[in-house]
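Containing compact mmCIF, C-alpha atoms: structure-v1.txt.
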# COMPACT_ATOMS: atom_id res chain seq x y z
CA MET U 1 4.25 18.56 -20.37
CA ASN U 2 2.54 16.99 -23.34
CA ALA U 3 -0.62 15.33 -21.98
CA PRO U 4 -0.77 12.30 -24.35
CA ARG U 5 2.96 11.65 -23.86
CA ALA U 6 2.57 11.97 -20.07
CA TRP U 7 -0.23 9.41 -20.02
CA LEU U 8 1.83 7.03 -22.18
CA ILE U 9 4.78 7.27 -19.78
CA TRP U 10 2.43 6.77 -16.84
CA THR U 11 0.82 3.73 -18.51
CA ILE U 12 4.18 2.01 -19.01
CA GLY U 13 5.14 2.71 -15.40
CA VAL U 14 1.81 1.39 -14.13
CA LEU U 15 2.17 -1.79 -16.22
CA ALA U 16 5.54 -2.42 -14.57
CA TYR U 17 3.99 -1.76 -11.15
CA LEU U 18 1.06 -4.05 -11.98
CA VAL U 19 3.49 -6.87 -12.75
CA ALA U 20 5.35 -6.15 -9.50
CA VAL U 21 2.14 -6.42 -7.46
CA ALA U 22 1.33 -9.73 -9.16
CA GLN U 23 4.77 -11.06 -8.19
CA ARG U 24 4.44 -9.69 -4.66
CA THR U 25 1.05 -11.28 -3.90
CA SER U 26 1.51 -14.58 -5.75
CA PHE U 27 2.85 -16.42 -2.70
CA GLY U 28 -0.21 -15.53 -0.63
CA VAL U 29 -2.40 -17.46 -3.08
CA SER U 30 -0.02 -20.44 -3.07
CA GLY U 31 0.41 -20.68 0.71
CA LEU U 32 -1.30 -24.06 1.08
CA GLU U 33 0.59 -25.52 -1.91
CA ALA U 34 3.85 -24.13 -0.51
CA THR U 35 3.20 -25.81 2.85
CA GLU U 36 2.92 -29.15 1.06
CA ARG U 37 5.74 -28.58 -1.45
CA PHE U 38 8.32 -27.51 1.14
CA HIS U 39 6.96 -29.67 4.04
CA ALA U 40 7.03 -26.50 6.15
CA SER U 41 5.37 -25.23 9.32
CA ALA U 42 3.23 -22.11 9.54
CA ALA U 43 6.17 -20.08 10.87
CA ALA U 44 8.38 -21.29 8.01
CA ILE U 45 5.75 -20.36 5.40
CA SER U 46 5.29 -16.94 6.99
CA PHE U 47 9.08 -16.52 6.89
CA PHE U 48 8.93 -16.53 3.07
CA THR U 49 6.75 -13.44 3.05
CA VAL U 50 8.39 -11.86 6.11
CA LEU U 51 11.85 -11.98 4.54
CA GLN U 52 10.46 -10.73 1.22
CA LEU U 53 8.86 -7.76 2.99
CA LEU U 54 11.98 -7.23 5.12
CA VAL U 55 14.05 -6.88 1.96
CA TYR U 56 11.39 -4.65 0.42
CA ALA U 57 11.17 -2.35 3.44
CA GLY U 58 14.93 -2.31 4.02
CA LEU U 59 15.57 -1.17 0.45
CA GLN U 60 12.98 1.62 0.34
CA ILE U 61 15.28 4.41 1.55
CA PRO U 62 18.28 3.30 -0.55
CA VAL U 63 15.98 2.98 -3.58
CA GLY U 64 14.58 6.46 -2.91
CA LEU U 65 18.10 7.87 -2.93
CA LEU U 66 19.04 5.90 -6.06
CA VAL U 67 15.96 6.91 -8.04
CA ASP U 68 16.68 10.57 -7.24
CA ARG U 69 20.17 9.97 -8.66
CA PHE U 70 19.68 7.59 -11.62
CA GLY U 71 16.03 8.11 -12.59
CA SER U 72 12.96 5.90 -12.74
CA ARG U 73 13.67 4.08 -16.03
CA ALA U 74 16.85 2.36 -14.85
CA MET U 75 15.38 1.42 -11.48
CA ILE U 76 12.10 0.01 -12.84
CA ALA U 77 13.89 -2.10 -15.46
CA SER U 78 16.39 -3.42 -12.89
CA GLY U 79 13.56 -4.30 -10.53
CA ALA U 80 11.72 -6.26 -13.22
CA VAL U 81 14.88 -8.24 -13.98
CA LEU U 82 15.30 -9.20 -10.31
CA MET U 83 11.65 -10.23 -9.94
CA GLY U 84 11.84 -12.38 -13.07
CA LEU U 85 14.92 -14.15 -11.72
CA GLY U 86 13.25 -14.61 -8.34
CA GLN U 87 10.14 -16.27 -9.77
CA LEU U 88 12.33 -18.44 -12.01
CA GLN U 89 14.24 -19.56 -8.93
CA LEU U 90 11.01 -20.28 -7.04
CA ALA U 91 9.57 -22.29 -9.94
CA TYR U 92 12.25 -24.96 -9.50
CA ALA U 93 12.79 -24.69 -5.73
CA ASP U 94 11.88 -27.76 -3.69
CA ALA U 95 13.42 -26.80 -0.33
CA VAL U 96 12.83 -23.89 2.01
CA PRO U 97 16.25 -22.16 1.53
CA ALA U 98 15.92 -22.23 -2.28
CA GLY U 99 12.38 -20.91 -2.09
CA VAL U 100 13.36 -18.14 0.32
CA LEU U 101 16.11 -17.02 -2.06
CA GLY U 102 13.52 -16.64 -4.79
CA ARG U 103 11.30 -14.48 -2.59
CA VAL U 104 14.28 -12.33 -1.56
CA LEU U 105 14.93 -11.53 -5.23
CA VAL U 106 11.23 -10.76 -5.72
CA GLY U 107 11.27 -8.45 -2.71
CA ALA U 108 14.36 -6.62 -3.97
CA GLY U 109 12.89 -6.09 -7.43
CA ASP U 110 9.53 -5.07 -6.03
CA ALA U 111 11.25 -2.50 -3.81
CA MET U 112 12.64 -0.71 -6.88
CA THR U 113 9.32 -0.35 -8.67
CA PHE U 114 6.67 1.62 -6.79
CA VAL U 115 8.86 4.50 -5.56
CA SER U 116 10.25 4.87 -9.09
CA VAL U 117 6.79 4.97 -10.66
CA ILE U 118 5.47 7.45 -8.08
CA ARG U 119 8.42 9.75 -8.78
CA LEU U 120 7.32 10.04 -12.41
CA VAL U 121 3.95 11.55 -11.48
CA PRO U 122 4.97 15.03 -10.24
CA ILE U 123 7.53 15.29 -13.07
CA TRP U 124 5.11 14.51 -15.91
CA PHE U 125 1.83 15.97 -14.53
CA ALA U 126 0.68 19.40 -13.35
CA PRO U 127 0.45 19.78 -9.53
CA ALA U 128 -3.36 19.95 -9.51
CA ARG U 129 -3.51 16.49 -11.13
CA VAL U 130 -0.90 14.81 -8.94
CA PRO U 131 -3.17 13.59 -6.05
CA LEU U 132 -5.63 11.96 -8.46
CA VAL U 133 -2.93 10.44 -10.69
CA THR U 134 -1.16 9.11 -7.59
CA GLN U 135 -4.36 7.34 -6.52
CA LEU U 136 -4.88 6.05 -10.06
CA THR U 137 -1.35 4.64 -9.91
CA GLY U 138 -2.05 2.68 -6.76
CA MET U 139 -5.49 1.67 -8.02
CA SER U 140 -4.21 0.41 -11.38
CA GLY U 141 -1.34 -1.44 -9.80
CA GLN U 142 -3.78 -3.44 -7.69
CA LEU U 143 -4.94 -5.15 -10.87
CA GLY U 144 -1.73 -7.12 -10.43
CA GLN U 145 -3.28 -8.72 -7.37
CA LEU U 146 -6.21 -9.71 -9.54
CA ILE U 147 -3.71 -11.51 -11.80
CA SER U 148 -2.41 -13.53 -8.85
CA VAL U 149 -5.90 -14.24 -7.51
CA VAL U 150 -7.54 -15.44 -10.74
CA PRO U 151 -5.33 -16.53 -13.67
CA PHE U 152 -2.28 -17.40 -11.58
CA ALA U 153 -4.40 -19.40 -9.11
CA LEU U 154 -6.08 -21.24 -11.99
CA VAL U 155 -2.74 -22.11 -13.60
CA LEU U 156 -1.32 -23.15 -10.22
CA HIS U 157 -4.20 -25.54 -9.53
CA SER U 158 -4.42 -26.93 -13.07
CA ALA U 159 -0.89 -26.92 -14.53
CA GLY U 160 1.13 -27.03 -11.33
CA TRP U 161 3.73 -25.05 -9.42
CA ASN U 162 6.47 -24.86 -12.07
CA THR U 163 4.27 -23.64 -14.90
CA ALA U 164 2.54 -21.01 -12.75
CA PHE U 165 5.73 -19.37 -11.52
CA LEU U 166 7.40 -19.56 -14.94
CA ALA U 167 4.42 -17.65 -16.34
CA LEU U 168 4.96 -14.91 -13.75
CA SER U 169 8.65 -14.78 -14.63
CA SER U 170 7.77 -14.19 -18.29
CA LEU U 171 5.60 -11.21 -17.27
CA SER U 172 8.67 -9.54 -15.78
CA ALA U 173 10.58 -10.09 -19.02
CA LEU U 174 7.80 -8.31 -20.89
CA ALA U 175 7.93 -5.41 -18.42
CA VAL U 176 11.68 -4.99 -18.98
CA VAL U 177 11.19 -4.71 -22.75
CA LEU U 178 8.38 -2.15 -22.47
CA VAL U 179 10.19 0.02 -19.94
CA LEU U 180 13.46 0.17 -21.89
CA ALA U 181 11.68 0.84 -25.17
CA LEU U 182 9.05 3.41 -24.14
CA LEU U 183 9.58 4.91 -20.68
CA ARG U 184 11.48 8.19 -20.22
CA ASP U 185 12.46 9.89 -16.97
CA VAL U 186 11.60 13.51 -17.79
CA PRO U 187 9.61 15.45 -20.43
CA PRO U 188 11.45 17.15 -23.30
CA GLY U 189 12.97 20.43 -22.12
CA HIS U 190 12.92 19.39 -18.46
CA PRO U 191 16.10 20.37 -16.56
CA PRO U 192 18.52 17.42 -16.40
CA ARG U 193 19.13 15.63 -13.14
CA GLU U 194 21.81 17.05 -10.92
CA ASN U 195 25.22 15.41 -10.94
CA ALA U 196 25.62 12.40 -8.69
CA GLN U 197 26.00 13.39 -5.05
CA GLY U 198 28.68 12.14 -2.73
CA LEU U 199 27.95 10.13 0.39
CA ARG U 200 27.92 13.22 2.57
CA ALA U 201 25.42 15.06 0.37
CA THR U 202 23.29 11.90 0.17
CA GLY U 203 23.27 11.69 3.96
CA VAL U 204 22.21 15.33 4.18
CA THR U 205 19.31 14.69 1.77
CA LEU U 206 18.17 11.70 3.82
CA ALA U 207 18.46 13.58 7.11
CA ARG U 208 16.50 16.57 5.81
CA ALA U 209 13.74 14.33 4.48
CA TRP U 210 13.48 12.54 7.84
CA LYS U 211 13.56 15.73 9.93
CA GLN U 212 10.60 17.09 8.02
CA PRO U 213 7.56 16.27 10.25
CA GLY U 214 5.36 15.96 7.16
CA THR U 215 7.50 13.04 5.95
CA ARG U 216 7.12 11.27 9.28
CA LEU U 217 3.38 11.90 9.30
CA GLY U 218 3.19 10.23 5.89
CA LEU U 219 5.24 7.32 7.26
CA TRP U 220 2.91 6.69 10.20
CA CYS U 221 -0.20 7.07 8.06
CA HIS U 222 1.18 4.42 5.70
CA PHE U 223 2.21 2.24 8.65
CA THR U 224 -1.27 2.26 10.15
CA VAL U 225 -3.69 1.78 7.26
CA GLN U 226 -1.74 -0.35 4.80
CA PHE U 227 -0.40 -3.30 6.76
CA SER U 228 -3.63 -5.17 7.56
CA GLY U 229 -4.62 -5.47 3.90
CA ASN U 230 -1.13 -6.71 3.05
CA VAL U 231 -1.23 -9.30 5.82
CA PHE U 232 -4.55 -10.52 4.44
CA ALA U 233 -3.65 -10.49 0.73
CA MET U 234 -0.02 -11.57 0.88
CA SER U 235 -0.06 -14.28 3.53
CA TRP U 236 -2.85 -15.20 5.93
CA GLY U 237 -6.08 -14.22 4.19
CA TYR U 238 -6.29 -17.31 1.98
CA PRO U 239 -5.58 -19.89 4.76
CA PHE U 240 -7.91 -18.01 7.14
CA LEU U 241 -10.81 -18.06 4.70
CA VAL U 242 -10.29 -21.64 3.47
CA SER U 243 -9.17 -23.53 6.57
CA ALA U 244 -10.66 -21.46 9.40
CA GLN U 245 -13.84 -20.11 7.80
CA GLY U 246 -14.51 -23.21 5.66
CA LEU U 247 -14.96 -21.40 2.32
CA ASN U 248 -14.22 -23.15 -0.96
CA PRO U 249 -11.38 -21.81 -3.16
CA ALA U 250 -13.81 -20.35 -5.72
CA THR U 251 -15.54 -18.24 -3.06
CA VAL U 252 -12.19 -17.13 -1.67
CA SER U 253 -11.07 -16.07 -5.16
CA ALA U 254 -14.28 -14.06 -5.47
CA LEU U 255 -13.59 -12.32 -2.15
CA MET U 256 -10.02 -11.57 -3.21
CA GLY U 257 -11.44 -10.18 -6.43
CA LEU U 258 -13.76 -8.00 -4.34
CA PHE U 259 -10.66 -6.75 -2.53
CA VAL U 260 -9.12 -5.59 -5.82
CA VAL U 261 -12.34 -4.10 -7.22
CA THR U 262 -12.92 -2.12 -4.02
CA SER U 263 -9.40 -0.69 -4.16
CA ILE U 264 -9.96 0.34 -7.77
CA LEU U 265 -13.29 2.04 -7.06
CA VAL U 266 -12.19 3.84 -3.89
CA GLY U 267 -8.84 5.14 -5.18
CA PRO U 268 -10.18 7.99 -7.35
CA LEU U 269 -12.54 9.07 -4.57
CA PHE U 270 -9.61 9.46 -2.17
CA GLY U 271 -7.62 11.29 -4.84
CA THR U 272 -10.45 13.78 -5.31
CA PHE U 273 -10.87 14.17 -1.54
CA VAL U 274 -7.17 14.88 -1.01
CA ALA U 275 -7.12 17.44 -3.82
CA ARG U 276 -10.16 19.26 -2.40
CA HIS U 277 -9.46 18.90 1.33
CA PRO U 278 -5.67 18.76 1.82
CA MET U 279 -6.01 19.87 5.46
CA ARG U 280 -8.13 16.80 6.32
CA ARG U 281 -5.89 14.04 5.01
CA SER U 282 -4.93 12.69 8.43
CA ALA U 283 -8.58 12.71 9.53
CA MET U 284 -9.40 10.41 6.63
CA VAL U 285 -6.54 8.09 7.63
CA LEU U 286 -7.84 7.88 11.21
CA LEU U 287 -11.34 7.10 9.93
CA ILE U 288 -9.97 4.22 7.81
CA THR U 289 -8.05 2.92 10.82
CA ALA U 290 -11.22 2.84 12.91
CA ALA U 291 -13.12 1.01 10.14
CA THR U 292 -10.35 -1.61 9.90
CA ALA U 293 -10.36 -2.23 13.65
CA LEU U 294 -14.16 -2.52 13.78
CA ALA U 295 -14.26 -4.95 10.84
CA TRP U 296 -11.68 -7.29 12.38
CA ALA U 297 -13.36 -7.09 15.79
CA ALA U 298 -16.71 -8.04 14.27
CA VAL U 299 -15.22 -11.14 12.60
CA LEU U 300 -12.86 -12.32 15.35
CA LEU U 301 -15.26 -11.87 18.28
CA LEU U 302 -17.95 -14.11 16.78
CA PRO U 303 -18.17 -17.45 18.62
CA SER U 304 -18.58 -19.31 15.32
CA LYS U 305 -17.64 -18.92 11.68
CA ALA U 306 -18.52 -15.55 10.21
CA PRO U 307 -21.31 -15.29 7.63
CA LEU U 308 -20.24 -14.56 4.07
CA TRP U 309 -21.68 -11.03 4.11
CA LEU U 310 -19.56 -10.12 7.14
CA LEU U 311 -16.43 -11.53 5.53
CA ALA U 312 -17.23 -9.44 2.45
CA LEU U 313 -17.46 -6.33 4.65
CA LEU U 314 -14.10 -7.23 6.19
CA VAL U 315 -12.55 -7.54 2.73
CA ILE U 316 -13.99 -4.15 1.73
CA ALA U 317 -12.63 -2.48 4.88
CA LEU U 318 -9.16 -3.97 4.30
CA ALA U 319 -9.21 -3.01 0.62
CA ILE U 320 -9.91 0.63 1.50
CA GLY U 321 -6.64 0.69 3.42
CA GLY U 322 -4.60 0.36 0.21
CA PRO U 323 -5.81 3.60 -1.41
CA GLY U 324 -5.88 5.17 2.05
CA SER U 325 -2.17 4.53 2.48
CA MET U 326 -1.48 6.55 -0.68
CA ILE U 327 -2.34 9.65 1.36
CA GLY U 328 1.03 9.17 3.06
CA PHE U 329 2.81 9.78 -0.25
CA ASP U 330 0.89 13.02 -0.68
CA PHE U 331 2.37 14.20 2.61
CA ALA U 332 5.85 13.35 1.26
CA ARG U 333 5.16 15.32 -1.93
CA THR U 334 3.73 18.45 -0.33
CA PHE U 335 6.29 18.79 2.48
CA ASN U 336 9.47 18.13 0.45
CA PRO U 337 11.13 19.83 -2.55
CA SER U 338 11.12 18.03 -5.90
CA HIS U 339 14.74 16.85 -5.70
CA ARG U 340 13.94 15.02 -2.44
CA ILE U 341 10.63 13.39 -3.38
CA GLY U 342 12.12 9.97 -4.13
CA THR U 343 13.91 9.85 -0.79
CA ALA U 344 10.85 11.04 1.15
CA THR U 345 8.60 8.59 -0.69
CA GLY U 346 10.97 5.76 0.18
CA ILE U 347 10.81 6.70 3.86
CA VAL U 348 7.01 6.74 3.80
CA ASN U 349 6.81 3.42 1.96
CA VAL U 350 8.80 1.69 4.72
CA GLY U 351 5.95 2.11 7.20
CA GLY U 352 3.22 -0.20 6.01
CA PHE U 353 5.58 -2.97 4.97
CA VAL U 354 7.48 -3.01 8.27
CA ALA U 355 4.17 -3.31 10.09
CA ALA U 356 3.06 -6.04 7.67
CA LEU U 357 6.19 -8.17 7.97
CA LEU U 358 6.12 -8.00 11.78
CA THR U 359 2.44 -8.93 11.85
CA ILE U 360 2.83 -11.78 9.34
CA TYR U 361 5.68 -13.26 11.35
CA LEU U 362 3.89 -12.91 14.69
CA VAL U 363 0.72 -14.52 13.32
CA GLY U 364 2.71 -17.52 12.07
CA LEU U 365 4.65 -17.77 15.34
CA ILE U 366 1.47 -17.67 17.44
CA LEU U 367 -0.20 -20.31 15.24
CA ASP U 368 2.79 -22.62 15.70
CA ILE U 369 2.86 -22.06 19.48
CA LEU U 370 -0.85 -22.83 19.77
CA HIS U 371 -0.41 -25.94 17.60
CA THR U 372 2.56 -27.22 19.61
CA SER U 373 0.81 -26.58 22.94
CA GLY U 374 -2.20 -28.62 21.84
CA PHE U 375 -4.59 -25.66 22.00
CA SER U 376 -5.54 -26.04 18.31
CA GLY U 377 -6.38 -29.73 18.70
CA GLY U 378 -3.98 -30.78 15.96
CA GLU U 379 -5.42 -28.29 13.46
CA LEU U 380 -2.68 -25.81 12.53
CA TYR U 381 -5.01 -23.35 10.80
CA GLY U 382 -8.03 -23.74 13.08
CA LEU U 383 -10.54 -20.95 13.69
CA ALA U 384 -9.81 -20.61 17.41
CA SER U 385 -6.08 -20.31 16.76
CA PHE U 386 -6.58 -17.74 14.01
CA ARG U 387 -8.77 -15.65 16.33
CA ILE U 388 -5.90 -15.29 18.78
CA ALA U 389 -3.13 -14.93 16.20
CA LEU U 390 -4.85 -12.29 14.05
CA SER U 391 -5.69 -10.20 17.11
CA VAL U 392 -2.07 -9.00 17.15
CA GLN U 393 -3.15 -6.52 14.47
CA PHE U 394 -4.98 -4.42 17.05
CA LEU U 395 -1.67 -3.62 18.73
CA PHE U 396 -0.24 -2.19 15.50
CA LEU U 397 -3.42 -0.23 14.78
CA LEU U 398 -3.24 1.35 18.26
CA VAL U 399 0.47 2.20 18.04
CA GLY U 400 0.02 3.71 14.58
CA THR U 401 -2.92 5.85 15.70
CA VAL U 402 -0.97 7.28 18.64
CA LEU U 403 2.04 8.10 16.44
CA ILE U 404 -0.17 9.78 13.81
CA LEU U 405 -1.73 12.04 16.46
CA MET U 406 1.67 12.91 17.96
CA THR U 407 3.29 13.70 14.62
CA ARG U 408 0.28 15.63 13.37
CA ARG U 409 0.68 18.06 16.27
CA LYS U 410 4.26 18.78 15.16
CA VAL U 411 3.16 19.29 11.56
CA ARG U 412 0.43 21.72 12.58
CA ARG U 413 2.82 23.66 14.81
CA GLN U 414 5.17 23.97 11.84
CA MET U 415 2.31 25.12 9.61
CA ALA U 416 1.14 27.63 12.24
CA ALA U 417 4.63 29.13 12.35
CA GLN U 418 4.28 29.66 8.59
CA GLY U 419 0.91 31.34 9.01
CA VAL U 420 -1.30 28.35 8.13
CA HIS U 421 -3.77 27.44 10.88
CA VAL U 422 -5.85 24.25 10.76
CA PRO U 423 -8.99 24.49 12.92
CA PRO U 424 -10.26 21.37 14.70
CA LEU U 425 -12.45 19.19 12.50
CA LEU U 426 -15.65 19.79 14.50
CA VAL U 427 -15.06 23.55 14.42
CA SER U 428 -14.42 23.41 10.69
CA LEU U 429 -17.62 21.43 10.09
CA ALA U 430 -19.60 23.89 12.23
CA ASN U 431 -18.14 26.82 10.27
CA GLN U 432 -19.04 25.15 6.97
CA ARG U 433 -22.57 24.50 8.19
CA ARG U 434 -22.89 28.13 9.33
CA ARG U 435 -21.64 29.38 5.94
CA ARG U 436 -24.15 27.18 4.12
CA VAL U 437 -26.97 28.56 6.29
CA GLU U 438 -25.85 32.14 5.65
CA LEU U 439 -25.58 31.50 1.93
CA ARG U 440 -29.08 30.00 1.90
CA ARG U 441 -30.45 33.04 3.74
CA GLU U 442 -28.74 35.40 1.29
CA ARG U 443 -30.30 33.56 -1.64
CA LEU U 444 -33.76 33.70 -0.06
CA ALA U 445 -33.31 37.43 0.64
CA LYS U 446 -32.32 38.06 -2.99
CA GLN U 447 -35.33 36.09 -4.22
CA ARG U 448 -37.69 38.11 -1.99
CA SER U 449 -36.17 41.45 -3.01
CA SER U 450 -36.51 40.58 -6.68
CA THR U 451 -40.15 39.51 -6.28
CA PRO U 452 -42.53 42.35 -7.31

Written form, structure tokens:
Amino acid sequence: MNAPRAWLIWTIGVLAYLVAVAQRTSFGVSGLEATERFHASAAAISFFTVLQLLVYAGLQIPVGLLVDRFGSRAMIASGAVLMGLGQLQLAYADAVPAGVLGRVLVGAGDAMTFVSVIRLVPIWFAPARVPLVTQLTGMSGQLGQLISVVPFALVLHSAGWNTAFLALSSLSALAVVLVLALLRDVPPGHPPRENAQGLRATGVTLARAWKQPGTRLGLWCHFTVQFSGNVFAMSWGYPFLVSAQGLNPATVSALMGLFVVTSILVGPLFGTFVARHPMRRSAMVLLITAATALAWAAVLLLPSKAPLWLLALLVIALAIGGPGSMIGFDFARTFNPSHRIGTATGIVNVGGFVAALLTIYLVGLILDILHTSGFSGGELYGLASFRIALSVQFLFLLVGTVLILMTRRKVRRQMAAQGVHVPPLLVSLANQRRRRVELRRERLAKQRSSTP
């Protein structure tokens, strides 16, 4: 593994992922414009993102199998082509069915990108570097959201719908060129991929990846900590902040920028934590889950609009969930052999996006029901309606937490059978504190014995 070459390959993969994230989150910024352009209800607008995420989540396992078979280069390039076509379609769409078709293509192309980029990391980098490089991958990709929040939003509001989405389509064309010209699947001298498997062998690979409790633990970790940030960034965050909280678009763009910056800053910290404390990965996930629930409760339980500082804390808590969800992929890597990593990663990546698409749809449905019933007083995106609709997230946070705890028990039983015992967190902290005290006493004793 040549280090400069590895970082070049990683950079090209991350650029493609960055473009994919920009395509994925662009519709969340244009939600109000889409409502006007397509003359659509809240449920119809949420359907754009729900169907996009449904396609994304539904393709994760097939993409995982395909990337194990055909390699990352072919899959990333194909995904960029589909996303470019999808944004081109959306640029000229003026009816809901045409717009939905564009988002379906974006979702399909997006689905091919992240799993393929993540698969490059353990192939091109030494195992000790993989957790940090994985976090850097997710962190760098989030810059794509910054593209949708700042330059795309500016072009959308100044030059209009067509120009903005055509610009995003051109970014995908650039990604295709870079990937085909510079990206390679494996380092020189790396063993070639195995011959294509038949359907039966493919089914066996999928079944073995799913039966591994570590894969399922990664899935539920991803399910629990990732979805709320996606709901906020991809669909309902912008309308909630503008229409319900009364913020101007410039302030909302700044908060969305804070979301991206927080993800970038926190990612390396999580990567370092996972590398140093691999037995405490699920504890970190549960801590992030609690922070997310507390942040939403603080904002939604207020009788009036939330102050800006509290909304900023909410954004920070949601942004932490993105890097936190990357811990799920580390479970997939450490509990599966190398030839099954793509498949296991695809399984894990389903979790957060399934939770996100269900939440996005339910929020839109509840908003429409409250509007039709007269509860919202004729204001579709009113604060009182959003309080009720966004509370559905607590259900998913609770379900995810229970499933993490249940699956973690199975993982630890499996590890115990292999001779690896994980003490309870409080016991481990007490042992560490006791060792520090003993070490301090030993140092003092040595200092006294050496003193004449």

One decimal, Å: what's the distance from CA of Leu120 in chain U over to CA of Trp10 in chain U, could you say?
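These two atoms are separated by 7.4 Å.
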
Name the closest residue to Val225 in chain U among the candidates U:Met326, U:Ala312, U:Ile388, U:Ile12; distances are taken between atoms, counting all atoms listed in the file.
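Counting all atoms listed in the file, the residue closest to Val225 in chain U is U:Met326.
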
Give me, please, the distance in Å between CA of Ile123 in chain U and CA of Thr205 in chain U, quoted to one decimal.
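CA of Thr205 in chain U lies at a distance of 19.0 Å from CA of Ile123 in chain U.
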
Have a look at U:Ser169, U:Ser26, U:Ser46, U:Thr262 and name the one nearest to Leu314 in chain U; count only C-alpha atoms.
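The answer is U:Thr262, which sits nearest to Leu314 in chain U.
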
Contacts of range 21-106 of chain U with range 251-260 of chain U up to 12 Å, shortest pair per row, all atoms listed in the file, as a tab-separated table:
residue	atom	partner	partner_atom	distance
U:Val21	CA	U:Val260	CA	11.4
U:Ala22	CA	U:Val260	CA	11.7
U:Thr25	CA	U:Met256	CA	11.1
U:Gly28	CA	U:Met256	CA	10.9
U:Val29	CA	U:Ser253	CA	9.0

With a distance cut-off of 7 Å and only C-alpha atoms, select the neighbouring residues of Ile347 in chain U, excluding the residue or stretch itself and same-chain residues fewer than 6 positions from it, and output the selection as a ChimeraX atom specification.
/U:60-61,219

Find the residues around Leu294 in chain U up to 12 Å (all atoms listed in the file counted), leave out those fewer than 6 positions away in its own chain, and share them as an MDAnalysis selection string.
chainID U and resid 287:288 300:301 310 313:314 317:318 391 393:394 397

Residue nearest Ala384 in chain U - candidates U:Val411, U:Ile118, U:Ile366, U:Ala290, atoms counted: all atoms listed in the file
U:Ile366

What's around range 42-44 of chain U at 10 Å? Count all atoms listed in the file, leave out sequence neighbours fewer than 2 positions away in its own chain, and write the answer as number ranges by chain.
U: 31-32, 35, 38-40, 46-50, 96, 100, 236, 360-369, 371, 380-381

Mind pulling up the distance from CA of Leu178 in chain U to CA of Ala6 in chain U?
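Result for CA of Ala6 in chain U versus CA of Leu178 in chain U: 15.5 Å, one decimal.
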
Within 12 Å of (-5.7, 14.5, -11.4), only C-alpha atoms: residues as a list of chain:residue names?
U:Ala3, U:Trp7, U:Val121, U:Pro122, U:Trp124, U:Phe125, U:Ala126, U:Pro127, U:Ala128, U:Arg129, U:Val130, U:Pro131, U:Leu132, U:Val133, U:Thr134, U:Gln135, U:Leu136, U:Thr137, U:Gly267, U:Pro268, U:Leu269, U:Phe270, U:Gly271, U:Thr272, U:Phe273, U:Val274, U:Ala275, U:Arg276

Please identify all polymer residues within 12 Å of Asn248 in chain U, counting all atoms listed in the file, omitting same-chain residues fewer than 6 positions from it, and present them as an MDAnalysis selection string.
chainID U and resid 238:242 254:255 308

Who sits within 6 Å of range 82-90 of chain U, all atoms listed in the file, same chain under 5 positions skipped, as a PyMOL selection string:
chain U and resi 99+102+105-106+109+165-166+169+172

Written file, previous selection with C-alpha atoms, as a PDB file, in the frame of the given file:
ATOM      1  CA  GLY U  99      12.380 -20.910  -2.090  1.00  0.00           C
ATOM      2  CA  GLY U 102      13.520 -16.640  -4.790  1.00  0.00           C
ATOM      3  CA  LEU U 105      14.930 -11.530  -5.230  1.00  0.00           C
ATOM      4  CA  VAL U 106      11.230 -10.760  -5.720  1.00  0.00           C
ATOM      5  CA  GLY U 109      12.890  -6.090  -7.430  1.00  0.00           C
ATOM      6  CA  PHE U 165       5.730 -19.370 -11.520  1.00  0.00           C
ATOM      7  CA  LEU U 166       7.400 -19.560 -14.940  1.00  0.00           C
ATOM      8  CA  SER U 169       8.650 -14.780 -14.630  1.00  0.00           C
ATOM      9  CA  SER U 172       8.670  -9.540 -15.780  1.00  0.00           C
TER      10      SER U 172
END

Of the candidates U:Leu15, U:Ala95, U:Ala173, U:Ala77, which shows the shortest atom-to-atom distance to Ala111 in chain U, using all atoms listed in the file?
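Among the listed residues, the smallest separation from Ala111 in chain U belongs to U:Ala77.
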
Nearest to Ser282 in chain U by atom-to-atom distance, counting only C-alpha atoms, from U:Val399, U:Ala319, U:Ile264, U:Leu405:
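That would be U:Leu405, the residue with the smallest distance to Ser282 in chain U.
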
For a cutoff of 9 Å around the file-coordinate point (4.2, 1.0, 4.8), which residues qualify once you count only C-alpha atoms? I'd like the result as a short mmCIF file (atom, residue, chain, number, x, y, z; two decimals) with C-alpha atoms, in the coordinates of the input.
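The result, written out as selection19.cif:
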data_model
loop_
_atom_site.label_atom_id
_atom_site.label_comp_id
_atom_site.auth_asym_id
_atom_site.auth_seq_id
_atom_site.Cartn_x
_atom_site.Cartn_y
_atom_site.Cartn_z
CA ALA U 57 11.17 -2.35 3.44
CA LEU U 219 5.24 7.32 7.26
CA TRP U 220 2.91 6.69 10.20
CA CYS U 221 -0.20 7.07 8.06
CA HIS U 222 1.18 4.42 5.70
CA PHE U 223 2.21 2.24 8.65
CA THR U 224 -1.27 2.26 10.15
CA VAL U 225 -3.69 1.78 7.26
CA GLN U 226 -1.74 -0.35 4.80
CA PHE U 227 -0.40 -3.30 6.76
CA SER U 325 -2.17 4.53 2.48
CA GLY U 328 1.03 9.17 3.06
CA ILE U 347 10.81 6.70 3.86
CA VAL U 348 7.01 6.74 3.80
CA ASN U 349 6.81 3.42 1.96
CA VAL U 350 8.80 1.69 4.72
CA GLY U 351 5.95 2.11 7.20
CA GLY U 352 3.22 -0.20 6.01
CA PHE U 353 5.58 -2.97 4.97
CA VAL U 354 7.48 -3.01 8.27
CA ALA U 355 4.17 -3.31 10.09
CA ALA U 356 3.06 -6.04 7.67
#
